[in-house]
Every structure is written in structure tokens, then in C-alpha cells.
file coords21.tsv (TSV, C-alpha atoms)
chain	number	residue	atom	x	y	z
A	97	MET	CA	93.25	91.54	135.70
A	98	PHE	CA	96.71	90.12	136.24
A	99	GLY	CA	96.06	86.49	135.26
A	100	LEU	CA	96.00	84.96	131.86
A	101	ASP	CA	93.05	86.07	129.75
A	102	PRO	CA	90.57	83.12	129.50
A	103	PHE	CA	90.23	83.72	125.77
A	104	LEU	CA	94.01	83.55	125.41
A	105	LEU	CA	93.94	80.18	127.19
A	106	SER	CA	91.37	79.05	124.62
A	107	LEU	CA	93.66	80.22	121.84
A	108	ILE	CA	96.60	78.33	123.36
A	109	GLY	CA	94.42	75.22	123.60
A	110	THR	CA	93.44	75.62	119.95
A	111	VAL	CA	97.09	75.89	118.92
A	112	VAL	CA	97.90	72.73	120.92
A	113	LEU	CA	94.99	70.92	119.25
A	114	ALA	CA	96.17	72.01	115.81
A	115	THR	CA	99.70	70.83	116.69
A	116	PHE	CA	98.66	67.29	117.58
A	117	LEU	CA	95.43	66.94	115.56
A	118	PRO	CA	95.79	69.29	112.57
A	119	CYS	CA	93.00	69.76	110.07
A	120	GLN	CA	93.96	67.89	106.92
A	121	GLY	CA	92.63	66.04	103.90
A	122	ALA	CA	88.94	66.36	103.07
A	123	ALA	CA	88.32	68.41	106.22
A	124	VAL	CA	90.41	71.35	104.96
A	125	PRO	CA	87.95	72.76	102.36
A	126	VAL	CA	85.09	72.30	104.85
A	127	PHE	CA	86.91	74.37	107.48
A	128	GLN	CA	87.96	76.93	104.86
A	129	TRP	CA	84.34	77.57	103.91
A	130	LEU	CA	83.33	77.49	107.56
A	131	ALA	CA	85.97	80.16	108.30
A	132	ILE	CA	84.59	82.39	105.54
A	133	VAL	CA	81.04	82.00	106.87
A	134	VAL	CA	81.88	82.65	110.54
A	135	ILE	CA	84.03	85.68	109.66
A	136	GLY	CA	81.12	87.12	107.69
A	137	ILE	CA	78.74	86.48	110.60
A	138	MET	CA	81.19	88.08	113.03
A	139	PHE	CA	81.45	91.34	111.05
A	140	PHE	CA	77.69	91.32	110.39
A	141	LEU	CA	77.04	91.17	114.14
A	142	GLN	CA	79.62	93.90	114.77
A	143	GLY	CA	77.67	96.13	112.40
A	144	ALA	CA	74.37	95.17	114.01
A	145	ARG	CA	75.59	95.88	117.55
A	146	LEU	CA	76.98	99.36	116.78
A	147	SER	CA	74.33	102.01	117.22
A	148	ARG	CA	74.02	104.51	114.39
A	149	LYS	CA	74.82	107.32	116.84
A	150	ALA	CA	78.06	105.61	117.92
A	151	VAL	CA	79.09	105.26	114.28
A	152	VAL	CA	78.31	108.91	113.50
A	153	ASP	CA	80.07	110.13	116.66
A	154	GLY	CA	83.05	107.95	115.84
A	155	LEU	CA	83.26	109.51	112.40
A	156	THR	CA	82.60	113.16	113.29
A	157	ALA	CA	84.30	113.84	116.67
A	158	TRP	CA	87.57	114.21	114.87
A	159	ARG	CA	89.94	116.29	117.02
A	160	LEU	CA	90.68	113.81	119.78
A	161	HIS	CA	90.16	110.86	117.47
A	162	LEU	CA	92.65	112.16	114.92
A	163	LEU	CA	95.43	111.84	117.49
A	164	ILE	CA	94.34	108.30	118.38
A	165	LEU	CA	94.03	107.29	114.72
A	166	CYS	CA	97.51	108.69	114.02
A	167	CYS	CA	98.89	106.59	116.88
A	168	THR	CA	97.10	103.49	115.58
A	169	PHE	CA	97.73	103.78	111.85
A	170	VAL	CA	100.82	106.02	111.54
A	171	LEU	CA	102.94	105.75	114.70
A	172	PHE	CA	102.64	101.96	115.02
A	173	PRO	CA	103.61	101.15	111.39
A	174	LEU	CA	106.53	103.59	111.55
A	175	LEU	CA	107.78	102.01	114.78
A	176	GLY	CA	107.40	98.53	113.30
A	177	LEU	CA	109.35	99.49	110.18
A	178	ALA	CA	112.02	101.18	112.31
A	179	LEU	CA	112.48	98.08	114.49
A	180	HIS	CA	112.70	95.90	111.39
A	181	LEU	CA	115.27	98.26	109.87
A	182	VAL	CA	117.42	98.29	113.02
A	183	PHE	CA	117.06	94.58	113.94
A	184	PRO	CA	116.37	92.74	110.66
A	185	ALA	CA	117.98	89.48	111.80
A	186	LEU	CA	116.20	89.37	115.18
A	187	LEU	CA	113.16	87.54	113.78
A	188	GLN	CA	112.39	85.36	110.78
A	189	ASP	CA	110.94	87.11	107.72
A	190	GLU	CA	107.40	85.75	108.17
A	191	VAL	CA	107.46	86.65	111.86
A	192	TRP	CA	108.54	90.19	111.00
A	193	LEU	CA	105.62	90.28	108.58
A	194	GLY	CA	103.40	89.33	111.53
A	195	ILE	CA	104.86	92.18	113.59
A	196	LEU	CA	104.23	94.65	110.76
A	197	PHE	CA	100.72	93.27	110.27
A	198	LEU	CA	100.07	93.81	113.99
A	199	CYS	CA	101.20	97.43	113.59
A	200	CYS	CA	98.63	97.98	110.82
A	201	LEU	CA	95.61	96.76	112.82
A	202	PRO	CA	92.90	98.94	114.39
A	203	SER	CA	92.43	99.38	118.12
A	204	THR	CA	90.34	97.13	120.33
A	205	VAL	CA	86.88	98.18	121.49
A	206	GLN	CA	86.12	96.42	124.77
A	207	SER	CA	89.51	96.61	126.50
A	208	SER	CA	90.17	100.20	125.35
A	209	ILE	CA	86.91	101.31	126.94
A	210	ALA	CA	87.37	99.13	130.03
A	211	PHE	CA	90.88	100.40	130.82
A	212	THR	CA	89.86	104.01	130.13
A	213	SER	CA	86.98	103.58	132.58
A	214	ILE	CA	89.20	101.99	135.25
A	215	GLY	CA	91.75	104.78	134.89
A	216	GLY	CA	89.09	107.49	135.26
A	217	GLY	CA	89.47	108.67	131.67
A	218	ASN	CA	87.07	110.07	129.10
A	219	VAL	CA	84.89	107.01	128.43
A	220	PRO	CA	82.62	108.60	125.76
A	221	ALA	CA	85.74	109.62	123.83
A	222	ALA	CA	87.13	106.08	124.17
A	223	VAL	CA	83.87	104.61	122.84
A	224	CYS	CA	83.90	106.93	119.83
A	225	ALA	CA	87.63	106.50	119.19
A	226	ALA	CA	87.52	102.71	119.37
A	227	THR	CA	84.48	102.68	117.09
A	228	ALA	CA	86.14	105.00	114.58
A	229	SER	CA	89.35	102.94	114.67
A	230	ASN	CA	87.50	99.73	113.84
A	231	ILE	CA	85.41	101.32	111.10
A	232	PHE	CA	88.41	102.97	109.44
A	233	GLY	CA	90.48	99.86	110.04
A	234	ILE	CA	88.37	97.87	107.58
A	235	PHE	CA	89.66	100.26	104.89
A	236	ILE	CA	93.05	101.36	106.24
A	237	THR	CA	94.50	98.03	107.42
A	238	PRO	CA	94.33	96.31	104.01
A	239	PHE	CA	95.91	99.40	102.42
A	240	LEU	CA	98.75	99.49	104.96
A	241	VAL	CA	99.25	95.72	104.73
A	242	GLY	CA	99.39	96.07	100.95
A	243	LEU	CA	102.25	98.56	101.30
A	244	VAL	CA	104.06	96.19	103.66
A	245	LEU	CA	103.51	93.21	101.36
A	246	ALA	CA	104.81	95.15	98.38
A	247	ARG	CA	107.89	96.13	100.39
A	248	HIS	CA	108.54	92.45	101.22
A	249	GLY	CA	107.71	91.13	97.75
A	250	ALA	CA	104.84	89.06	99.15
A	251	GLN	CA	101.27	88.65	97.98
A	252	GLY	CA	98.00	88.69	99.81
A	253	GLY	CA	94.26	88.93	99.33
A	254	GLY	CA	92.91	91.73	97.17
A	255	VAL	CA	90.50	94.55	97.91
A	256	MET	CA	87.52	92.50	96.72
A	257	ALA	CA	88.21	89.84	99.35
A	258	ILE	CA	88.08	92.49	102.05
A	259	VAL	CA	84.91	94.04	100.61
A	260	LEU	CA	83.07	90.72	100.30
A	261	GLN	CA	84.19	89.05	103.52
A	262	LEU	CA	84.51	91.99	105.93
A	263	LEU	CA	82.98	95.26	104.72
A	264	LEU	CA	79.80	93.92	103.07
A	265	PRO	CA	78.67	91.94	106.16
A	266	PHE	CA	79.44	94.97	108.38
A	267	VAL	CA	77.37	97.28	106.14
A	268	LEU	CA	74.49	94.77	106.05
A	269	GLY	CA	74.58	94.64	109.84
A	270	GLN	CA	74.41	98.44	109.97
A	271	ILE	CA	71.48	98.50	107.54
A	272	LEU	CA	69.55	96.01	109.69
A	273	GLN	CA	70.66	97.62	112.97
A	274	PRO	CA	67.35	99.46	113.59
A	275	TRP	CA	65.52	96.11	113.56
A	276	ILE	CA	68.01	93.72	115.16
A	277	GLY	CA	70.32	96.08	117.06
A	278	ALA	CA	68.41	95.92	120.34
A	279	TRP	CA	68.32	92.12	120.17
A	280	ALA	CA	72.07	92.01	119.43
A	281	VAL	CA	72.84	94.28	122.40
A	282	ARG	CA	70.61	92.26	124.76
A	283	ASN	CA	72.34	89.05	123.73
A	284	LYS	CA	75.87	90.43	123.50
A	285	LYS	CA	77.27	87.83	125.92
A	286	ILE	CA	75.97	84.96	123.78
A	287	LEU	CA	77.05	86.69	120.58
A	288	SER	CA	80.52	87.32	122.04
A	289	LEU	CA	80.87	83.55	122.32
A	290	THR	CA	80.01	83.37	118.62
A	291	ASP	CA	82.68	85.96	117.86
A	292	ARG	CA	85.29	84.12	119.89
A	293	GLY	CA	84.25	80.78	118.43
A	294	SER	CA	84.78	82.14	114.93
A	295	ILE	CA	88.28	83.31	115.86
A	296	LEU	CA	89.12	79.89	117.32
A	297	ILE	CA	88.01	78.22	114.06
A	298	VAL	CA	90.24	80.54	112.02
A	299	VAL	CA	93.18	79.99	114.40
A	300	TYR	CA	92.73	76.21	114.27
A	301	LEU	CA	92.68	76.25	110.46
A	302	ALA	CA	95.67	78.62	110.25
A	303	PHE	CA	97.85	76.71	112.70
A	304	SER	CA	96.85	73.35	111.20
A	305	ASP	CA	98.17	74.54	107.86
A	306	ALA	CA	101.28	75.98	109.51
A	307	VAL	CA	101.95	72.73	111.41
A	308	MET	CA	101.60	70.73	108.22
A	309	GLN	CA	104.18	73.11	106.70
A	310	GLY	CA	106.59	72.41	109.60
A	311	LEU	CA	105.89	75.45	111.79
A	312	TRP	CA	107.52	74.16	114.98
A	313	HIS	CA	110.59	73.00	113.08
A	314	LYS	CA	110.96	76.44	111.50
A	315	LEU	CA	110.33	78.35	114.75
A	316	PRO	CA	112.80	77.62	117.58
A	317	PRO	CA	111.74	78.45	121.17
A	318	SER	CA	114.13	81.41	121.24
A	319	GLN	CA	112.00	83.09	118.56
A	320	LEU	CA	109.00	83.12	120.91
A	321	GLY	CA	111.08	85.07	123.42
A	322	MET	CA	112.22	87.48	120.72
A	323	ILE	CA	108.61	87.99	119.57
A	324	ALA	CA	107.60	88.85	123.14
A	325	LEU	CA	110.55	91.26	123.41
A	326	VAL	CA	109.67	93.08	120.19
A	327	ASP	CA	105.99	93.23	121.18
A	328	PHE	CA	106.96	94.71	124.55
A	329	MET	CA	109.24	97.28	122.89
A	330	LEU	CA	106.42	98.34	120.57
A	331	LEU	CA	103.93	98.71	123.40
A	332	ALA	CA	106.38	100.57	125.66
A	333	CYS	CA	107.28	103.05	122.89
A	334	VAL	CA	103.65	103.75	122.04
A	335	LEU	CA	102.60	104.17	125.67
A	336	ILE	CA	105.39	106.68	126.26
A	337	LEU	CA	104.81	108.59	123.01
A	338	THR	CA	101.02	108.78	123.45
A	339	ALA	CA	101.43	110.18	126.97
A	340	VAL	CA	104.08	112.71	125.91
A	341	THR	CA	102.10	113.81	122.83
A	342	SER	CA	98.87	114.20	124.82
A	343	ARG	CA	100.60	116.43	127.36
A	344	ALA	CA	102.33	118.43	124.60
A	345	ALA	CA	98.93	118.97	122.98
A	346	GLY	CA	97.58	120.30	126.30
A	347	LEU	CA	94.94	117.61	126.69
A	348	PRO	CA	93.38	117.18	130.14
A	349	LEU	CA	94.20	114.01	132.05
A	350	ARG	CA	90.85	112.39	131.19
A	351	ASP	CA	91.56	112.75	127.47
A	352	GLU	CA	95.19	111.68	127.89
A	353	ILE	CA	94.01	108.42	129.45
A	354	ALA	CA	91.70	107.77	126.49
A	355	VAL	CA	94.50	108.49	124.02
A	356	VAL	CA	96.99	106.25	125.85
A	357	PHE	CA	94.68	103.24	126.05
A	358	CYS	CA	92.92	103.56	122.68
A	359	GLY	CA	96.13	104.44	120.84
A	360	SER	CA	98.17	101.53	122.22
A	361	LYS	CA	95.71	98.65	121.69
A	362	LYS	CA	95.61	96.21	118.79
A	363	THR	CA	92.59	94.06	118.10
A	364	LEU	CA	92.91	90.29	118.19
A	365	ALA	CA	89.20	89.87	117.42
A	366	SER	CA	89.43	91.57	114.01
A	367	GLY	CA	93.12	90.86	113.39
A	368	VAL	CA	92.85	87.08	113.08
A	369	PRO	CA	89.98	87.17	110.53
A	370	MET	CA	91.77	89.91	108.56
A	371	ALA	CA	94.95	87.83	108.44
A	372	ASN	CA	92.92	84.89	107.17
A	373	VAL	CA	91.65	87.06	104.31
A	374	LEU	CA	94.86	88.93	103.51
A	375	PHE	CA	97.55	86.22	103.65
A	376	PRO	CA	98.15	82.80	102.11
A	377	PRO	CA	96.89	79.96	104.36
A	378	ALA	CA	100.40	78.56	104.87
A	379	SER	CA	101.58	81.90	106.35
A	380	VAL	CA	98.67	82.84	108.61
A	381	GLY	CA	99.79	80.79	111.63
A	382	LEU	CA	103.17	82.50	111.90
A	383	ILE	CA	101.75	85.92	111.06
A	384	VAL	CA	99.12	85.93	113.84
A	385	LEU	CA	101.54	84.59	116.48
A	386	PRO	CA	103.00	88.06	117.35
A	387	LEU	CA	99.44	89.40	117.66
A	388	MET	CA	98.42	86.64	120.08
A	389	ILE	CA	101.45	87.35	122.27
A	390	TYR	CA	100.91	91.12	122.08
A	391	HIS	CA	97.30	90.61	123.18
A	392	GLN	CA	98.36	89.19	126.55
A	393	ILE	CA	101.19	91.71	127.05
A	394	GLN	CA	98.87	94.68	126.42
A	395	LEU	CA	96.30	93.33	128.89
A	396	PHE	CA	98.88	92.88	131.65
A	397	ILE	CA	100.75	96.18	131.18
A	398	CYS	CA	97.60	98.26	130.70
A	399	ALA	CA	95.98	96.71	133.79
A	400	VAL	CA	98.89	98.03	135.85
A	401	LEU	CA	98.81	101.40	134.08
A	402	ALA	CA	95.03	101.78	134.51
A	403	ARG	CA	95.37	101.44	138.28
A	404	ARG	CA	98.09	104.09	138.35
A	405	PHE	CA	95.93	106.44	136.29
A	406	ALA	CA	93.03	105.75	138.68
A	407	ALA	CA	95.20	106.83	141.61
A	408	ARG	CA	96.20	110.02	139.76
A	409	THR	CA	92.63	110.94	138.85
A	410	ALA	CA	91.49	110.30	142.44
A	411	GLN	CA	94.32	112.51	143.71
A	412	ASP	CA	93.42	115.27	141.24
A	413	LYS	CA	89.76	115.13	142.31
A	414	SER	CA	90.66	115.39	145.98
A	415	MET	CA	92.98	118.35	145.29
A	416	ASN	CA	90.27	120.12	143.29
A	417	ALA	CA	87.75	119.43	146.04
A	418	GLY	CA	90.18	120.93	148.58
A	419	ASP	CA	90.48	124.07	146.49
call {"tool": "encode", "arguments": {"input": "coords21.tsv", "output": "C-alpha cells"}}
result
Amino acid sequence: MFGLDPFLLSLIGTVVLATFLPCQGAAVPVFQWLAIVVIGIMFFLQGARLSRKAVVDGLTAWRLHLLILCCTFVLFPLLGLALHLVFPALLQDEVWLGILFLCCLPSTVQSSIAFTSIGGGNVPAAVCAATASNIFGIFITPFLVGLVLARHGAQGGGVMAIVLQLLLPFVLGQILQPWIGAWAVRNKKILSLTDRGSILIVVYLAFSDAVMQGLWHKLPPSQLGMIALVDFMLLACVLILTAVTSRAAGLPLRDEIAVVFCGSKKTLASGVPMANVLFPPASVGLIVLPLMIYHQIQLFICAVLARRFAARTAQDKSMNAGD
């Protein structure tokens, strides 16, 4: 739990490969089409793996999920904009765009559920909330990113790109779920390798383009430290605010744990493909860098927090048993 995530090590290796052996020349259009195909397959399999009941529950159990969705799609963007307003010169413009893009992303699924389970929280609620976040994120994230892009005078992919490359494969997967869903669930470990492989392809293509555009000349080492600092500030603020809001709303500890973990996560698995669709190729490498760093920070901090929640829930159970 406290070491580097193996997938993050793979991402670092991919960035190193792109730095020294970037994709260029005739290979670029091949990898561009390959990226489109693997992203489509990834979202198709996500749709196929989600049971219809999980989708319906994620869409209809709205009270607890509304708080989590507000944290994910309202609180995060507002905090990102506030940090940019207060510290505009702390990061380069494209890096700030990456921070704001991170703030617009949906929650994770696997780690949200895993940390909620470790902490003794409401796991069914975490499953539904993470599902709802990812479903709504396909629609909400492009809208939020569009507002951010308009604010910065930048341009990105349109709605049709999102529909064709992300939403349509997801819907097709859901349509075929009754026939292939069981197979997809049985082979989820193999299919997870497919998902991660698709992300690595997109990262390699994005950083190859960025390296060819002079990424490491534009980004001094001090900027990496500043990115980590801003990511940490975002996570710390959200963790505190989700806990305080949950207690103010009178939620039991089990629900508070679900809100804290689901409301503070940001998905790397969907974020990288979305960035590839929404932003110009030359910008994707810099834009996903804050997300990659945030991914490791959230794993480390939430691992510590989950163990503390587990101790609290165990203490509460023993006190209730004593009563």
C-alpha cells in the first residue's frame, strides 16, 4: 500500500521511453489510429463489465451520491480555479490547464471501493457512487473542460469526438452486457491488462509529441515539485471538506468514509483517454502530467487514511458491543 503503484512505474517507464525513443515520422498516424481503437475498446469493455443493476443503482440512489458528485464535479473545479486565481504564476499555463482538467475528471472505481472497504465504510454505496461518477463523467467532464478551455482561450475536441470515441463504445458494451458481461467479469484481470495497455499507448503517443515539441526544455525540474505541491493541496482540501460536510449532514461514519474516498479520487484510467480526445496532441503530455502525479499522491495518502478509519470503525464496533 505504501510503495509505488506498479502501474505508475509502467507509466514512468513509458515516459522515459518516449523521451529517448519518441514516436515520429510514419509511425505517428499508426499510433494515432491505434490510440483511437484501444480507447474505444477500453470504454466498450467498461460498459460490458458494469452490470445493469449497478448502473441503475448508480443512477437512482441519489441522496448520498449527490454529495459525492458535488465533491467530484463542483468542489474540485472550484478549488482548482481558486488556486489558479491565487497562484497564477506558480505553474506554466499548460500545466495549470492540466490541474484544471484533473479537477473536472470523475472518481476512480477500483481504489474508491478498495479504500472504502479497508476503512470499514459503506461499500455498496461506494460501488454505486463510483459507477455513477464514471457514467456522469462521460457527459460532465467534457462540459466542464469546455468551460475551462473557453476561459483560457484554448480549443479542444468537440462533443462528437466524445460521443464517437467514448460514449458510443460504452453504450454498445452496455447493450451487449447480458451476453458478454459474465465473460468480461470472469476475465477482468486479463481485460485490466488491456485497459492499462491502452493507457500506456496513449501516454507514449502524448509524451512523444510533447518531447518533440521540447517538453523537458519547457518544464524545469522545479515545476514537477510545484505540481506535486498543488496536487497535495487539492487533495488535502477535499479530504478535509468531505469529512466536515459529511459530519455536518449527519451521515454515519460508514457513509462518511464512502464520501471521503469516492469524493477525493480522480481517475487516471479514464482521464488519459479523455485528454487524448479533448486536447491537441502537442498539449496532452503536459496536461496529463499533474494527473499522473496526483494518482500516486492519492494512493499514498488514502492508504494511510483508510487504516485510521479502520481503527475508528473497529473502536466504534467494540464500544457498541460493550453497550
call {"tool": "residues_around", "arguments": {"input": "coords21.tsv", "residues": "Leu187 (chain A)", "least_positions_apart": "5", "cutoff": "8 Å", "atoms": "all atoms listed in the file", "output": "MDAnalysis selection string"}}
result
chainID A and resid 192 319 322:323
call {"tool": "closest_residue", "arguments": {"input": "coords21.tsv", "among": "A:Ala178, A:Cys224, A:Leu311, A:Ala306", "to": "Leu330 (chain A)", "atoms": "all atoms listed in the file"}}
result
A:Ala178
call {"tool": "residues_around", "arguments": {"input": "coords21.tsv", "residues": "Ile137 (chain A)", "least_positions_apart": "2", "cutoff": "9 Å", "atoms": "only C-alpha atoms", "output": "VMD selection string"}}
result
chain A and resid 132 to 135 139 to 142 265 to 266 290 to 291 294
call {"tool": "closest_residue", "arguments": {"input": "coords21.tsv", "among": "A:Leu175, A:Val191, A:Ala221, A:Val170", "to": "Ile236 (chain A)", "atoms": "only C-alpha atoms"}}
result
A:Val170
call {"tool": "residues_around", "arguments": {"input": "coords21.tsv", "residues": "Ala365 (chain A)", "least_positions_apart": "3", "cutoff": "9 Å", "atoms": "all atoms listed in the file", "output": "list of chain:residue names"}}
result
A:Thr204, A:Asp291, A:Arg292, A:Ile295, A:Val368, A:Pro369
call {"tool": "write_last_selection", "arguments": {"input": "coords21.tsv", "atoms": "C-alpha atoms", "output": "mmCIF file, keeping the file's coordinate frame"}}
result
data_model
loop_
_atom_site.group_PDB
_atom_site.id
_atom_site.type_symbol
_atom_site.label_atom_id
_atom_site.label_comp_id
_atom_site.auth_asym_id
_atom_site.auth_seq_id
_atom_site.Cartn_x
_atom_site.Cartn_y
_atom_site.Cartn_z
ATOM 1 C CA THR A 204 90.340 97.130 120.330
ATOM 2 C CA ASP A 291 82.680 85.960 117.860
ATOM 3 C CA ARG A 292 85.290 84.120 119.890
ATOM 4 C CA ILE A 295 88.280 83.310 115.860
ATOM 5 C CA VAL A 368 92.850 87.080 113.080
ATOM 6 C CA PRO A 369 89.980 87.170 110.530
#
call {"tool": "atom_distance", "arguments": {"input": "coords21.tsv", "atom1": "CA of Thr227 (chain A)", "atom2": "CA of Ala324 (chain A)"}}
result
27.6 Å
call {"tool": "closest_residue", "arguments": {"input": "coords21.tsv", "among": "A:Pro238, A:Pro220, A:Gly381, A:Gly176", "to": "Gly310 (chain A)", "atoms": "all atoms listed in the file"}}
result
A:Gly381
call {"tool": "atom_distance", "arguments": {"input": "coords21.tsv", "atom1": "CA of Ala225 (chain A)", "atom2": "CA of Leu201 (chain A)"}}
result
14.1 Å
call {"tool": "axis_aligned_box", "arguments": {"input": "coords21.tsv", "around": "region 293-302 of chain A", "padding_each_side": "6 Å", "output": "AutoDock Vina command-line options"}}
result
--center_x 90.0 --center_y 79.8 --center_z 114.3 --size_x 23.4 --size_y 19.1 --size_z 20.2
call {"tool": "closest_residue", "arguments": {"input": "coords21.tsv", "among": "A:Val241, A:Leu162, A:Leu335, A:Leu113", "to": "Ala402 (chain A)", "atoms": "only C-alpha atoms"}}
result
A:Leu335
call {"tool": "atom_distance", "arguments": {"input": "coords21.tsv", "atom1": "CA of Asp412 (chain A)", "atom2": "CA of Val356 (chain A)"}}
result
18.2 Å
call {"tool": "closest_residue", "arguments": {"input": "coords21.tsv", "among": "A:Leu171, A:Leu186, A:Leu196, A:Val223", "to": "Thr341 (chain A)", "atoms": "only C-alpha atoms"}}
result
A:Leu171
call {"tool": "residues_around", "arguments": {"input": "coords21.tsv", "residues": "Cys358 (chain A)", "least_positions_apart": "3", "cutoff": "12 Å", "atoms": "only C-alpha atoms", "output": "VMD selection string"}}
result
chain A and resid 160 to 169 202 to 213 217 to 230 334 to 335 338 to 339 351 to 355 361 to 363 394 398
call {"tool": "closest_residue", "arguments": {"input": "coords21.tsv", "among": "A:Ala131, A:Ala144, A:Ser342, A:Pro102", "to": "Leu287 (chain A)", "atoms": "only C-alpha atoms"}}
result
A:Ala144
call {"tool": "residues_around", "arguments": {"input": "coords21.tsv", "residues": "Ala302 (chain A)", "least_positions_apart": "2", "cutoff": "9 Å", "atoms": "only C-alpha atoms", "output": "number ranges by chain"}}
result
A: 114, 297-300, 304-307, 372, 377-382, 384
